[in-house]
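Pasting input_24.cif here (mmCIF, N, CA and C atoms):
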data_upload
loop_
_atom_site.label_atom_id
_atom_site.label_comp_id
_atom_site.auth_asym_id
_atom_site.auth_seq_id
_atom_site.Cartn_x
_atom_site.Cartn_y
_atom_site.Cartn_z
N MET V 1 11.38 28.46 16.53
CA MET V 1 9.98 28.17 16.29
C MET V 1 9.89 27.13 15.17
N ALA V 2 9.16 26.06 15.43
CA ALA V 2 8.98 25.01 14.44
C ALA V 2 7.51 24.87 14.09
N HIS V 3 7.23 24.87 12.80
CA HIS V 3 5.87 24.68 12.31
C HIS V 3 5.75 23.26 11.75
N LEU V 4 4.54 22.72 11.84
CA LEU V 4 4.24 21.40 11.31
C LEU V 4 2.98 21.52 10.46
N PHE V 5 3.03 20.97 9.25
CA PHE V 5 1.88 20.92 8.35
C PHE V 5 1.29 19.52 8.44
N VAL V 6 0.02 19.43 8.84
CA VAL V 6 -0.66 18.13 8.93
C VAL V 6 -1.79 18.10 7.90
N TYR V 7 -1.96 16.97 7.24
CA TYR V 7 -2.93 16.90 6.14
C TYR V 7 -3.84 15.68 6.20
N GLY V 8 -3.72 14.87 7.25
CA GLY V 8 -4.52 13.65 7.32
C GLY V 8 -5.08 13.41 8.71
N THR V 9 -4.73 12.27 9.29
CA THR V 9 -5.30 11.86 10.57
C THR V 9 -4.92 12.78 11.72
N LEU V 10 -3.91 13.62 11.56
CA LEU V 10 -3.50 14.54 12.63
C LEU V 10 -4.16 15.92 12.54
N ARG V 11 -4.96 16.13 11.51
CA ARG V 11 -5.65 17.43 11.39
C ARG V 11 -6.61 17.60 12.56
N PRO V 12 -6.70 18.80 13.10
CA PRO V 12 -7.57 19.02 14.26
C PRO V 12 -9.02 18.59 14.06
N ALA V 13 -9.56 18.73 12.87
CA ALA V 13 -10.96 18.39 12.62
C ALA V 13 -11.17 16.92 12.26
N ALA V 14 -10.10 16.13 12.15
CA ALA V 14 -10.25 14.71 11.83
C ALA V 14 -10.99 14.02 12.98
N ASN V 15 -11.73 12.97 12.65
CA ASN V 15 -12.50 12.30 13.69
C ASN V 15 -12.30 10.79 13.72
N ASP V 16 -11.27 10.29 13.08
CA ASP V 16 -11.06 8.85 13.06
C ASP V 16 -10.45 8.38 14.38
N PRO V 17 -10.91 7.24 14.88
CA PRO V 17 -10.38 6.72 16.14
C PRO V 17 -8.90 6.36 16.06
N ALA V 18 -8.42 5.94 14.91
CA ALA V 18 -7.03 5.49 14.78
C ALA V 18 -6.03 6.59 15.14
N GLY V 19 -6.34 7.84 14.84
CA GLY V 19 -5.42 8.92 15.13
C GLY V 19 -5.80 9.78 16.33
N ARG V 20 -6.83 9.36 17.06
CA ARG V 20 -7.36 10.17 18.16
C ARG V 20 -6.30 10.52 19.19
N ARG V 21 -5.59 9.54 19.71
CA ARG V 21 -4.59 9.80 20.76
C ARG V 21 -3.47 10.71 20.25
N ALA V 22 -3.03 10.47 19.04
CA ALA V 22 -1.96 11.30 18.47
C ALA V 22 -2.44 12.73 18.28
N ARG V 23 -3.69 12.91 17.82
CA ARG V 23 -4.25 14.26 17.68
C ARG V 23 -4.33 14.97 19.02
N GLU V 24 -4.79 14.25 20.04
CA GLU V 24 -4.90 14.84 21.37
C GLU V 24 -3.53 15.25 21.90
N CYS V 25 -2.56 14.40 21.71
CA CYS V 25 -1.20 14.70 22.16
C CYS V 25 -0.64 15.91 21.41
N LEU V 26 -0.82 15.92 20.10
CA LEU V 26 -0.34 17.04 19.29
C LEU V 26 -1.01 18.35 19.71
N ALA V 27 -2.29 18.28 20.03
CA ALA V 27 -3.02 19.49 20.45
C ALA V 27 -2.43 20.07 21.74
N THR V 28 -1.93 19.22 22.63
CA THR V 28 -1.34 19.73 23.88
C THR V 28 0.08 20.24 23.68
N GLU V 29 0.71 19.86 22.57
CA GLU V 29 2.10 20.23 22.32
C GLU V 29 2.25 21.25 21.20
N SER V 30 1.15 21.92 20.84
CA SER V 30 1.22 22.88 19.74
C SER V 30 0.17 23.97 19.90
N ARG V 31 0.33 24.99 19.08
CA ARG V 31 -0.66 26.06 18.98
C ARG V 31 -1.10 26.14 17.51
N PRO V 32 -2.41 26.27 17.26
CA PRO V 32 -2.87 26.34 15.87
C PRO V 32 -2.41 27.63 15.19
N VAL V 33 -2.00 27.49 13.94
CA VAL V 33 -1.66 28.65 13.11
C VAL V 33 -2.79 28.88 12.12
N GLY V 34 -3.27 27.80 11.48
CA GLY V 34 -4.42 27.92 10.60
C GLY V 34 -4.36 27.02 9.39
N PRO V 35 -5.43 27.06 8.58
CA PRO V 35 -5.48 26.27 7.35
C PRO V 35 -4.38 26.69 6.39
N ALA V 36 -3.89 25.71 5.61
CA ALA V 36 -2.79 25.97 4.68
C ALA V 36 -2.83 24.94 3.56
N ALA V 37 -1.95 25.13 2.59
CA ALA V 37 -1.84 24.18 1.48
C ALA V 37 -0.40 24.17 0.98
N THR V 38 -0.04 23.06 0.35
CA THR V 38 1.28 22.94 -0.26
C THR V 38 1.14 22.20 -1.58
N HIS V 39 2.19 22.22 -2.37
CA HIS V 39 2.18 21.53 -3.67
C HIS V 39 2.39 20.04 -3.46
N GLY V 40 1.71 19.25 -4.27
CA GLY V 40 1.88 17.81 -4.21
C GLY V 40 0.62 17.09 -4.62
N VAL V 41 0.67 15.78 -4.49
CA VAL V 41 -0.47 14.92 -4.80
C VAL V 41 -0.79 14.14 -3.53
N LEU V 42 -2.06 14.05 -3.20
CA LEU V 42 -2.48 13.31 -2.01
C LEU V 42 -3.07 11.98 -2.44
N TYR V 43 -2.53 10.90 -1.87
CA TYR V 43 -3.00 9.55 -2.19
C TYR V 43 -3.84 9.00 -1.04
N ASP V 44 -4.87 8.26 -1.40
CA ASP V 44 -5.71 7.57 -0.44
C ASP V 44 -5.08 6.20 -0.18
N LEU V 45 -4.55 6.01 1.01
CA LEU V 45 -3.88 4.75 1.36
C LEU V 45 -4.73 3.89 2.28
N GLY V 46 -6.03 4.12 2.27
CA GLY V 46 -6.93 3.35 3.12
C GLY V 46 -7.36 4.15 4.32
N ARG V 47 -6.81 3.86 5.48
CA ARG V 47 -7.19 4.56 6.71
C ARG V 47 -6.46 5.88 6.88
N TYR V 48 -5.56 6.21 5.99
CA TYR V 48 -4.79 7.46 6.09
C TYR V 48 -4.31 7.86 4.71
N PRO V 49 -3.91 9.13 4.54
CA PRO V 49 -3.42 9.59 3.24
C PRO V 49 -1.90 9.65 3.21
N GLY V 50 -1.37 9.87 2.01
CA GLY V 50 0.07 10.06 1.84
C GLY V 50 0.33 11.16 0.83
N LEU V 51 1.23 12.06 1.15
CA LEU V 51 1.57 13.18 0.27
C LEU V 51 2.80 12.80 -0.55
N TRP V 52 2.72 13.04 -1.84
CA TRP V 52 3.82 12.80 -2.77
C TRP V 52 4.09 14.10 -3.50
N PHE V 53 5.36 14.53 -3.51
CA PHE V 53 5.71 15.78 -4.18
C PHE V 53 5.85 15.54 -5.67
N ALA V 54 4.81 15.92 -6.41
CA ALA V 54 4.84 15.76 -7.86
C ALA V 54 3.77 16.66 -8.47
N GLY V 55 4.02 17.07 -9.70
CA GLY V 55 3.02 17.82 -10.47
C GLY V 55 2.63 19.15 -9.84
N ALA V 56 1.54 19.66 -10.35
CA ALA V 56 1.05 20.96 -9.92
C ALA V 56 -0.12 20.83 -8.97
N GLY V 57 -0.29 19.67 -8.35
CA GLY V 57 -1.40 19.46 -7.44
C GLY V 57 -1.27 20.29 -6.18
N ARG V 58 -2.33 20.26 -5.40
CA ARG V 58 -2.41 21.03 -4.16
C ARG V 58 -2.91 20.12 -3.06
N VAL V 59 -2.25 20.14 -1.91
CA VAL V 59 -2.65 19.35 -0.75
C VAL V 59 -3.05 20.32 0.36
N VAL V 60 -4.24 20.09 0.91
CA VAL V 60 -4.82 20.96 1.92
C VAL V 60 -4.57 20.38 3.31
N GLY V 61 -4.29 21.26 4.27
CA GLY V 61 -4.08 20.82 5.64
C GLY V 61 -4.12 21.97 6.61
N ASN V 62 -3.45 21.78 7.73
CA ASN V 62 -3.37 22.80 8.77
C ASN V 62 -1.93 22.93 9.24
N VAL V 63 -1.57 24.14 9.66
CA VAL V 63 -0.25 24.38 10.23
C VAL V 63 -0.42 24.61 11.73
N VAL V 64 0.45 23.98 12.50
CA VAL V 64 0.52 24.22 13.93
C VAL V 64 1.95 24.61 14.28
N GLU V 65 2.09 25.36 15.37
CA GLU V 65 3.40 25.73 15.88
C GLU V 65 3.70 24.83 17.07
N LEU V 66 4.80 24.10 16.99
CA LEU V 66 5.16 23.16 18.05
C LEU V 66 5.80 23.90 19.22
N THR V 67 5.36 23.57 20.44
CA THR V 67 5.91 24.22 21.62
C THR V 67 7.19 23.54 22.10
N GLY V 68 7.33 22.26 21.84
CA GLY V 68 8.53 21.50 22.19
C GLY V 68 8.88 20.57 21.06
N PRO V 69 9.43 21.11 19.96
CA PRO V 69 9.61 20.31 18.73
C PRO V 69 10.41 19.02 18.92
N GLN V 70 11.46 19.05 19.68
CA GLN V 70 12.30 17.86 19.82
C GLN V 70 11.51 16.68 20.39
N ALA V 71 10.76 16.92 21.45
CA ALA V 71 9.96 15.86 22.07
C ALA V 71 8.82 15.42 21.14
N THR V 72 8.18 16.39 20.49
CA THR V 72 7.06 16.06 19.61
C THR V 72 7.53 15.24 18.41
N PHE V 73 8.65 15.65 17.80
CA PHE V 73 9.14 14.90 16.64
C PHE V 73 9.60 13.49 17.03
N ALA V 74 10.04 13.30 18.26
CA ALA V 74 10.45 11.96 18.70
C ALA V 74 9.29 10.98 18.57
N TRP V 75 8.10 11.36 19.05
CA TRP V 75 6.98 10.42 18.94
C TRP V 75 6.30 10.47 17.58
N LEU V 76 6.32 11.66 16.92
CA LEU V 76 5.72 11.74 15.58
C LEU V 76 6.47 10.87 14.57
N ASP V 77 7.79 10.84 14.65
CA ASP V 77 8.58 9.99 13.74
C ASP V 77 8.17 8.53 13.89
N LEU V 78 7.91 8.10 15.11
CA LEU V 78 7.46 6.72 15.34
C LEU V 78 6.04 6.52 14.85
N TYR V 79 5.19 7.49 15.09
CA TYR V 79 3.79 7.41 14.65
C TYR V 79 3.70 7.30 13.14
N GLU V 80 4.48 8.10 12.43
CA GLU V 80 4.44 8.09 10.96
C GLU V 80 5.12 6.86 10.37
N GLY V 81 6.13 6.34 11.02
CA GLY V 81 6.78 5.12 10.58
C GLY V 81 7.71 5.30 9.39
N GLY V 82 8.26 4.21 8.92
CA GLY V 82 9.24 4.21 7.85
C GLY V 82 8.71 4.52 6.47
N GLU V 83 7.39 4.52 6.31
CA GLU V 83 6.78 4.81 5.02
C GLU V 83 6.92 6.30 4.66
N TYR V 84 7.14 7.12 5.69
CA TYR V 84 7.22 8.57 5.51
C TYR V 84 8.58 9.10 5.95
N GLU V 85 8.92 10.25 5.38
CA GLU V 85 10.09 10.97 5.84
C GLU V 85 9.68 12.38 6.21
N ARG V 86 10.32 12.92 7.24
CA ARG V 86 10.02 14.29 7.67
C ARG V 86 10.87 15.24 6.84
N VAL V 87 10.21 16.16 6.15
CA VAL V 87 10.89 17.13 5.30
C VAL V 87 10.35 18.52 5.60
N ARG V 88 11.14 19.51 5.24
CA ARG V 88 10.74 20.90 5.46
C ARG V 88 10.37 21.51 4.11
N ARG V 89 9.17 22.11 4.03
CA ARG V 89 8.68 22.70 2.79
C ARG V 89 7.97 24.01 3.06
N GLN V 90 7.82 24.78 2.01
CA GLN V 90 7.06 26.02 2.05
C GLN V 90 5.57 25.68 1.95
N VAL V 91 4.77 26.23 2.85
CA VAL V 91 3.32 26.04 2.78
C VAL V 91 2.65 27.41 2.79
N ALA V 92 1.60 27.52 2.01
CA ALA V 92 0.86 28.78 1.89
C ALA V 92 -0.27 28.80 2.92
N LEU V 93 -0.31 29.84 3.72
CA LEU V 93 -1.37 29.99 4.71
C LEU V 93 -2.62 30.54 4.03
N GLU V 94 -3.77 30.04 4.44
CA GLU V 94 -5.03 30.51 3.86
C GLU V 94 -5.24 32.00 4.09
N THR V 95 -4.71 32.52 5.19
CA THR V 95 -4.86 33.93 5.52
C THR V 95 -3.90 34.83 4.75
N GLY V 96 -3.02 34.22 3.98
CA GLY V 96 -2.02 34.96 3.22
C GLY V 96 -0.64 34.72 3.77
N GLY V 97 0.34 34.85 2.92
CA GLY V 97 1.72 34.60 3.33
C GLY V 97 2.05 33.12 3.32
N ALA V 98 3.25 32.82 3.73
CA ALA V 98 3.71 31.44 3.72
C ALA V 98 4.67 31.22 4.89
N VAL V 99 4.83 29.96 5.28
CA VAL V 99 5.78 29.60 6.33
C VAL V 99 6.54 28.35 5.89
N GLU V 100 7.73 28.19 6.43
CA GLU V 100 8.46 26.93 6.28
C GLU V 100 7.91 26.00 7.35
N ALA V 101 7.50 24.82 6.95
CA ALA V 101 6.93 23.88 7.91
C ALA V 101 7.46 22.48 7.66
N TRP V 102 7.57 21.72 8.72
CA TRP V 102 7.90 20.31 8.59
C TRP V 102 6.62 19.58 8.19
N LEU V 103 6.77 18.51 7.43
CA LEU V 103 5.65 17.65 7.10
C LEU V 103 6.17 16.26 6.82
N TYR V 104 5.28 15.32 6.81
CA TYR V 104 5.65 13.93 6.54
C TYR V 104 5.18 13.57 5.14
N ALA V 105 6.17 13.25 4.28
CA ALA V 105 5.89 12.91 2.89
C ALA V 105 6.25 11.44 2.64
N LEU V 106 5.58 10.85 1.69
CA LEU V 106 5.87 9.46 1.33
C LEU V 106 7.30 9.33 0.80
N ARG V 107 7.94 8.24 1.15
CA ARG V 107 9.29 7.96 0.64
C ARG V 107 9.23 7.43 -0.80
N ARG V 108 8.14 6.72 -1.12
CA ARG V 108 7.96 6.16 -2.46
C ARG V 108 6.55 6.46 -2.95
N ARG V 109 6.45 6.62 -4.25
CA ARG V 109 5.12 6.84 -4.85
C ARG V 109 4.32 5.53 -4.71
N PRO V 110 3.10 5.61 -4.18
CA PRO V 110 2.33 4.38 -3.96
C PRO V 110 1.77 3.81 -5.26
N ALA V 111 2.00 2.55 -5.49
CA ALA V 111 1.49 1.89 -6.69
C ALA V 111 0.03 1.52 -6.49
N GLY V 112 -0.81 1.93 -7.41
CA GLY V 112 -2.21 1.54 -7.40
C GLY V 112 -3.11 2.31 -6.45
N ALA V 113 -2.58 3.26 -5.72
CA ALA V 113 -3.42 4.04 -4.79
C ALA V 113 -4.17 5.13 -5.55
N ALA V 114 -5.37 5.39 -5.12
CA ALA V 114 -6.19 6.44 -5.74
C ALA V 114 -5.72 7.81 -5.28
N ILE V 115 -5.84 8.78 -6.16
CA ILE V 115 -5.52 10.17 -5.83
C ILE V 115 -6.76 10.79 -5.19
N VAL V 116 -6.55 11.53 -4.11
CA VAL V 116 -7.64 12.28 -3.47
C VAL V 116 -7.85 13.55 -4.28
N GLN V 117 -8.95 13.59 -5.01
CA GLN V 117 -9.25 14.75 -5.85
C GLN V 117 -9.44 15.98 -4.98
N GLY V 118 -8.81 17.07 -5.35
CA GLY V 118 -8.89 18.31 -4.58
C GLY V 118 -7.85 18.37 -3.46
N GLY V 119 -7.19 17.25 -3.18
CA GLY V 119 -6.11 17.23 -2.21
C GLY V 119 -6.52 17.44 -0.77
N ASP V 120 -7.80 17.22 -0.45
CA ASP V 120 -8.27 17.44 0.92
C ASP V 120 -8.79 16.13 1.51
N TRP V 121 -8.02 15.56 2.42
CA TRP V 121 -8.38 14.29 3.06
C TRP V 121 -9.72 14.39 3.78
N MET V 122 -10.03 15.56 4.34
CA MET V 122 -11.27 15.74 5.08
C MET V 122 -12.49 15.63 4.17
N SER V 123 -12.31 15.83 2.87
CA SER V 123 -13.44 15.68 1.95
C SER V 123 -13.90 14.23 1.88
N LEU V 124 -13.06 13.29 2.28
CA LEU V 124 -13.42 11.87 2.29
C LEU V 124 -13.95 11.43 3.63
N ALA V 125 -13.80 12.23 4.65
CA ALA V 125 -14.14 11.82 6.01
C ALA V 125 -15.64 11.60 6.21
N GLY V 126 -16.49 12.29 5.47
CA GLY V 126 -17.92 12.11 5.66
C GLY V 126 -18.42 10.78 5.14
N PRO V 127 -18.50 10.63 3.82
CA PRO V 127 -19.05 9.40 3.27
C PRO V 127 -18.15 8.19 3.45
N ARG V 128 -16.87 8.39 3.56
CA ARG V 128 -15.93 7.28 3.69
C ARG V 128 -15.01 7.58 4.86
N SER V 129 -15.49 7.29 6.04
CA SER V 129 -14.73 7.61 7.24
C SER V 129 -13.44 6.80 7.29
N THR V 130 -12.41 7.39 7.87
CA THR V 130 -11.15 6.69 8.06
C THR V 130 -11.19 5.84 9.32
N ALA V 131 -12.34 5.80 9.95
CA ALA V 131 -12.48 5.07 11.21
C ALA V 131 -12.34 3.57 11.00
N LEU V 132 -11.87 2.90 12.04
CA LEU V 132 -11.82 1.45 12.04
C LEU V 132 -13.25 0.93 12.11
N LYS V 133 -13.49 -0.24 11.54
CA LYS V 133 -14.82 -0.82 11.61
C LYS V 133 -15.10 -1.22 13.05
N PRO V 134 -16.31 -0.90 13.55
CA PRO V 134 -16.62 -1.23 14.93
C PRO V 134 -16.71 -2.73 15.14
N ARG V 135 -16.26 -3.16 16.31
CA ARG V 135 -16.35 -4.57 16.66
C ARG V 135 -17.70 -4.83 17.31
N VAL V 136 -18.21 -6.02 17.10
CA VAL V 136 -19.43 -6.41 17.78
C VAL V 136 -19.04 -6.67 19.23
N SER V 137 -19.79 -6.13 20.15
CA SER V 137 -19.46 -6.33 21.56
C SER V 137 -20.73 -6.59 22.35
N SER V 138 -20.56 -7.12 23.51
CA SER V 138 -21.71 -7.37 24.37
C SER V 138 -22.25 -6.05 24.89
N PRO V 139 -23.53 -5.98 25.24
CA PRO V 139 -24.09 -4.73 25.73
C PRO V 139 -23.34 -4.17 26.94
N SER V 140 -22.84 -5.03 27.81
CA SER V 140 -22.14 -4.54 29.00
C SER V 140 -20.83 -3.85 28.64
N ARG V 141 -20.23 -4.22 27.53
CA ARG V 141 -18.96 -3.61 27.13
C ARG V 141 -19.16 -2.51 26.10
N ARG V 142 -20.31 -2.45 25.49
CA ARG V 142 -20.54 -1.51 24.41
C ARG V 142 -20.36 -0.06 24.84
N PHE V 143 -20.74 0.26 26.06
CA PHE V 143 -20.68 1.65 26.51
C PHE V 143 -19.52 1.91 27.46
N HIS V 144 -18.60 0.99 27.55
CA HIS V 144 -17.42 1.17 28.40
C HIS V 144 -16.55 2.28 27.86
N ARG V 145 -16.11 3.18 28.70
CA ARG V 145 -15.22 4.26 28.28
C ARG V 145 -13.85 4.06 28.90
N SER V 146 -12.88 4.30 28.11
CA SER V 146 -11.51 4.18 28.59
C SER V 146 -11.19 5.35 29.53
N ARG V 147 -10.34 5.10 30.50
CA ARG V 147 -9.93 6.15 31.42
C ARG V 147 -8.71 6.89 30.92
N THR V 148 -8.10 6.44 29.85
CA THR V 148 -6.88 7.09 29.36
C THR V 148 -7.18 8.25 28.47
#
Whole structure given in structure tokens:
Amino acid sequence: MAHLFVYGTLRPAANDPAGRRARECLATESRPVGPAATHGVLYDLGRYPGLWFAGAGRVVGNVVELTGPQATFAWLDLYEGGEYERVRRQVALETGGAVEAWLYALRRRPAGAAIVQGGDWMSLAGPRSTALKPRVSSPSRRFHRSRT
């Protein structure tokens, strides 16, 4: 059994278009365990956050249980890219207890990035959405929906 702790664009309640496909894919390849938190500092890197293990901070997220970890990690490693490394850490479940979970942490401390106060990326999603800026489009294309 493999658990994954997600704290940014992959959280089930996230609504940014940039991570939509990855969230949908992860949802089909996992089962929700619940809200959780781990030690660290959460940085605002623009359209996504980054977790850095330092200090007594707390980072809020969700734990999911992966149904096919090998296949899921193959595409997640590509999605997260070289800026992050997959590590295994203890995370505290909101319902009590703790689990060992994989998560993606920054390889280097980001210079000049703001710290997300409270360690919850979703607290920024309302007033400062992680969504890409909408493109101006013609009326005929404005309501086009993708089939994928």
Give one line per residue of stretch 72-129 of chain V that approaches stretch 45-64 of chain V to at most 6 Å, naming the two atoms of the closest pair and their distance in Å to one decimal, counting only C-alpha atoms; sort by chain then ascending residue number and deliver it as a Markdown table.
| residue | atom | partner | partner_atom | distance |
| --- | --- | --- | --- | --- |
| V:Ala105 | CA | V:Leu51 | CA | 5.1 |
| V:Leu106 | CA | V:Trp52 | CA | 5.7 |
| V:Gly119 | CA | V:Val59 | CA | 4.3 |
| V:Asp120 | CA | V:Val60 | CA | 5.0 |
request  = Can you pull out every residue within 8 Å of stretch 68-79 of chain V, counting only C-alpha atoms, but drop anything in the same chain fewer than 2 positions away, and send it as number ranges by chain?
outcome  = V: 2, 22, 26, 29-30, 66, 81, 86
request  = Please write the residues picked by the PyMOL selection byres ((chain V and resi 8-14) around 6) on this file as a PyMOL selection string.
outcome  = chain V and resi 6-7+15-16+19+23+48-49+121
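For the residues V:Val99, V:Arg108, V:Leu124, V:Ile115, ranking by smallest atom-to-atom distance to V:Tyr84 using all atoms listed in the file places V:Arg108 first.
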request  = List every residue of chain V that DSSP, applied to the backbone, labels as alpha helix (DSSP H), and write the result as a PyMOL selection string.
outcome  = chain V and resi 20-28+69-80+139-142
ask   = Among chain V, which residues carry a DSSP assignment of strand (DSSP E or B), reported as JSON, numbers by chain?
value = {"V": [2, 3, 4, 5, 6, 30, 31, 32, 33, 34, 35, 36, 37, 38, 39, 41, 42, 43, 44, 49, 50, 51, 52, 58, 59, 60, 61, 62, 63, 64, 65, 66, 84, 85, 86, 87, 88, 89, 90, 91, 92, 93, 98, 99, 100, 101, 102, 103, 104, 105, 106, 114, 115]}
message = For a quick check of understanding, using only N, CA and C atoms, which of V:Pro17, V:Asp44, V:His3, V:Glu65 has the smallest distance to V:Arg31?
response =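 Smallest separation from V:Arg31 among the options: V:Glu65.
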ask   = Got a sec to resolve the PyMOL selection byres (((chain V and resi 92 and name CA) around 10) and name CA) on this structure and send the residues as number ranges by chain?
value = V: 35-39, 60, 63, 89-91, 93-101
With all heavy atoms as the goal, would you fill in the gaps in stretch 7-15 of chain V and present it as a PDB file, keeping the file's coordinate frame?
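Output (selection-v2.pdb):
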ATOM      1  N   TYR V   7      -1.960  16.970   7.240  1.00  0.00           N
ATOM      2  CA  TYR V   7      -2.930  16.900   6.140  1.00  0.00           C
ATOM      3  C   TYR V   7      -3.840  15.680   6.200  1.00  0.00           C
ATOM      4  O   TYR V   7      -4.668  15.482   5.328  1.00  0.00           O
ATOM      5  CB  TYR V   7      -2.188  16.903   4.790  1.00  0.00           C
ATOM      6  CG  TYR V   7      -1.161  15.800   4.658  1.00  0.00           C
ATOM      7  CD1 TYR V   7      -1.528  14.537   4.215  1.00  0.00           C
ATOM      8  CD2 TYR V   7       0.166  16.021   4.982  1.00  0.00           C
ATOM      9  CE1 TYR V   7      -0.596  13.526   4.106  1.00  0.00           C
ATOM     10  CE2 TYR V   7       1.108  15.025   4.864  1.00  0.00           C
ATOM     11  CZ  TYR V   7       0.722  13.770   4.430  1.00  0.00           C
ATOM     12  OH  TYR V   7       1.656  12.769   4.321  1.00  0.00           O
ATOM     13  N   GLY V   8      -3.720  14.870   7.250  1.00  0.00           N
ATOM     14  CA  GLY V   8      -4.520  13.650   7.320  1.00  0.00           C
ATOM     15  C   GLY V   8      -5.080  13.410   8.710  1.00  0.00           C
ATOM     16  O   GLY V   8      -5.811  14.234   9.245  1.00  0.00           O
ATOM     17  N   THR V   9      -4.730  12.270   9.290  1.00  0.00           N
ATOM     18  CA  THR V   9      -5.300  11.860  10.570  1.00  0.00           C
ATOM     19  C   THR V   9      -4.920  12.780  11.720  1.00  0.00           C
ATOM     20  O   THR V   9      -5.567  12.744  12.766  1.00  0.00           O
ATOM     21  CB  THR V   9      -4.869  10.425  10.919  1.00  0.00           C
ATOM     22  OG1 THR V   9      -3.445  10.371  11.040  1.00  0.00           O
ATOM     23  CG2 THR V   9      -5.339   9.435   9.866  1.00  0.00           C
ATOM     24  N   LEU V  10      -3.910  13.620  11.560  1.00  0.00           N
ATOM     25  CA  LEU V  10      -3.500  14.540  12.630  1.00  0.00           C
ATOM     26  C   LEU V  10      -4.160  15.920  12.540  1.00  0.00           C
ATOM     27  O   LEU V  10      -3.948  16.763  13.404  1.00  0.00           O
ATOM     28  CB  LEU V  10      -1.979  14.706  12.631  1.00  0.00           C
ATOM     29  CG  LEU V  10      -1.189  13.456  13.007  1.00  0.00           C
ATOM     30  CD1 LEU V  10       0.299  13.696  12.856  1.00  0.00           C
ATOM     31  CD2 LEU V  10      -1.524  13.013  14.418  1.00  0.00           C
ATOM     32  N   ARG V  11      -4.960  16.130  11.510  1.00  0.00           N
ATOM     33  CA  ARG V  11      -5.650  17.430  11.390  1.00  0.00           C
ATOM     34  C   ARG V  11      -6.610  17.600  12.560  1.00  0.00           C
ATOM     35  O   ARG V  11      -7.272  16.644  12.975  1.00  0.00           O
ATOM     36  CB  ARG V  11      -6.403  17.520  10.068  1.00  0.00           C
ATOM     37  CG  ARG V  11      -5.451  17.758   8.913  1.00  0.00           C
ATOM     38  CD  ARG V  11      -6.143  17.833   7.606  1.00  0.00           C
ATOM     39  NE  ARG V  11      -6.890  19.080   7.454  1.00  0.00           N
ATOM     40  CZ  ARG V  11      -7.593  19.359   6.371  1.00  0.00           C
ATOM     41  NH1 ARG V  11      -7.650  18.511   5.369  1.00  0.00           N
ATOM     42  NH2 ARG V  11      -8.244  20.503   6.291  1.00  0.00           N
ATOM     43  N   PRO V  12      -6.700  18.800  13.100  1.00  0.00           N
ATOM     44  CA  PRO V  12      -7.570  19.020  14.260  1.00  0.00           C
ATOM     45  C   PRO V  12      -9.020  18.590  14.060  1.00  0.00           C
ATOM     46  O   PRO V  12      -9.652  18.107  14.988  1.00  0.00           O
ATOM     47  CB  PRO V  12      -7.481  20.537  14.481  1.00  0.00           C
ATOM     48  CG  PRO V  12      -6.212  20.953  13.847  1.00  0.00           C
ATOM     49  CD  PRO V  12      -5.996  20.015  12.692  1.00  0.00           C
ATOM     50  N   ALA V  13      -9.560  18.730  12.870  1.00  0.00           N
ATOM     51  CA  ALA V  13     -10.960  18.390  12.620  1.00  0.00           C
ATOM     52  C   ALA V  13     -11.170  16.920  12.260  1.00  0.00           C
ATOM     53  O   ALA V  13     -12.311  16.485  12.088  1.00  0.00           O
ATOM     54  CB  ALA V  13     -11.512  19.267  11.498  1.00  0.00           C
ATOM     55  N   ALA V  14     -10.100  16.130  12.150  1.00  0.00           N
ATOM     56  CA  ALA V  14     -10.250  14.710  11.830  1.00  0.00           C
ATOM     57  C   ALA V  14     -10.990  14.020  12.980  1.00  0.00           C
ATOM     58  O   ALA V  14     -10.889  14.433  14.131  1.00  0.00           O
ATOM     59  CB  ALA V  14      -8.879  14.077  11.607  1.00  0.00           C
ATOM     60  N   ASN V  15     -11.730  12.970  12.650  1.00  0.00           N
ATOM     61  CA  ASN V  15     -12.500  12.300  13.690  1.00  0.00           C
ATOM     62  C   ASN V  15     -12.300  10.790  13.720  1.00  0.00           C
ATOM     63  O   ASN V  15     -13.068  10.086  14.350  1.00  0.00           O
ATOM     64  CB  ASN V  15     -13.987  12.629  13.540  1.00  0.00           C
ATOM     65  CG  ASN V  15     -14.552  12.142  12.219  1.00  0.00           C
ATOM     66  OD1 ASN V  15     -13.874  11.478  11.438  1.00  0.00           O
ATOM     67  ND2 ASN V  15     -15.792  12.477  11.957  1.00  0.00           N
TER      68      ASN V  15
END
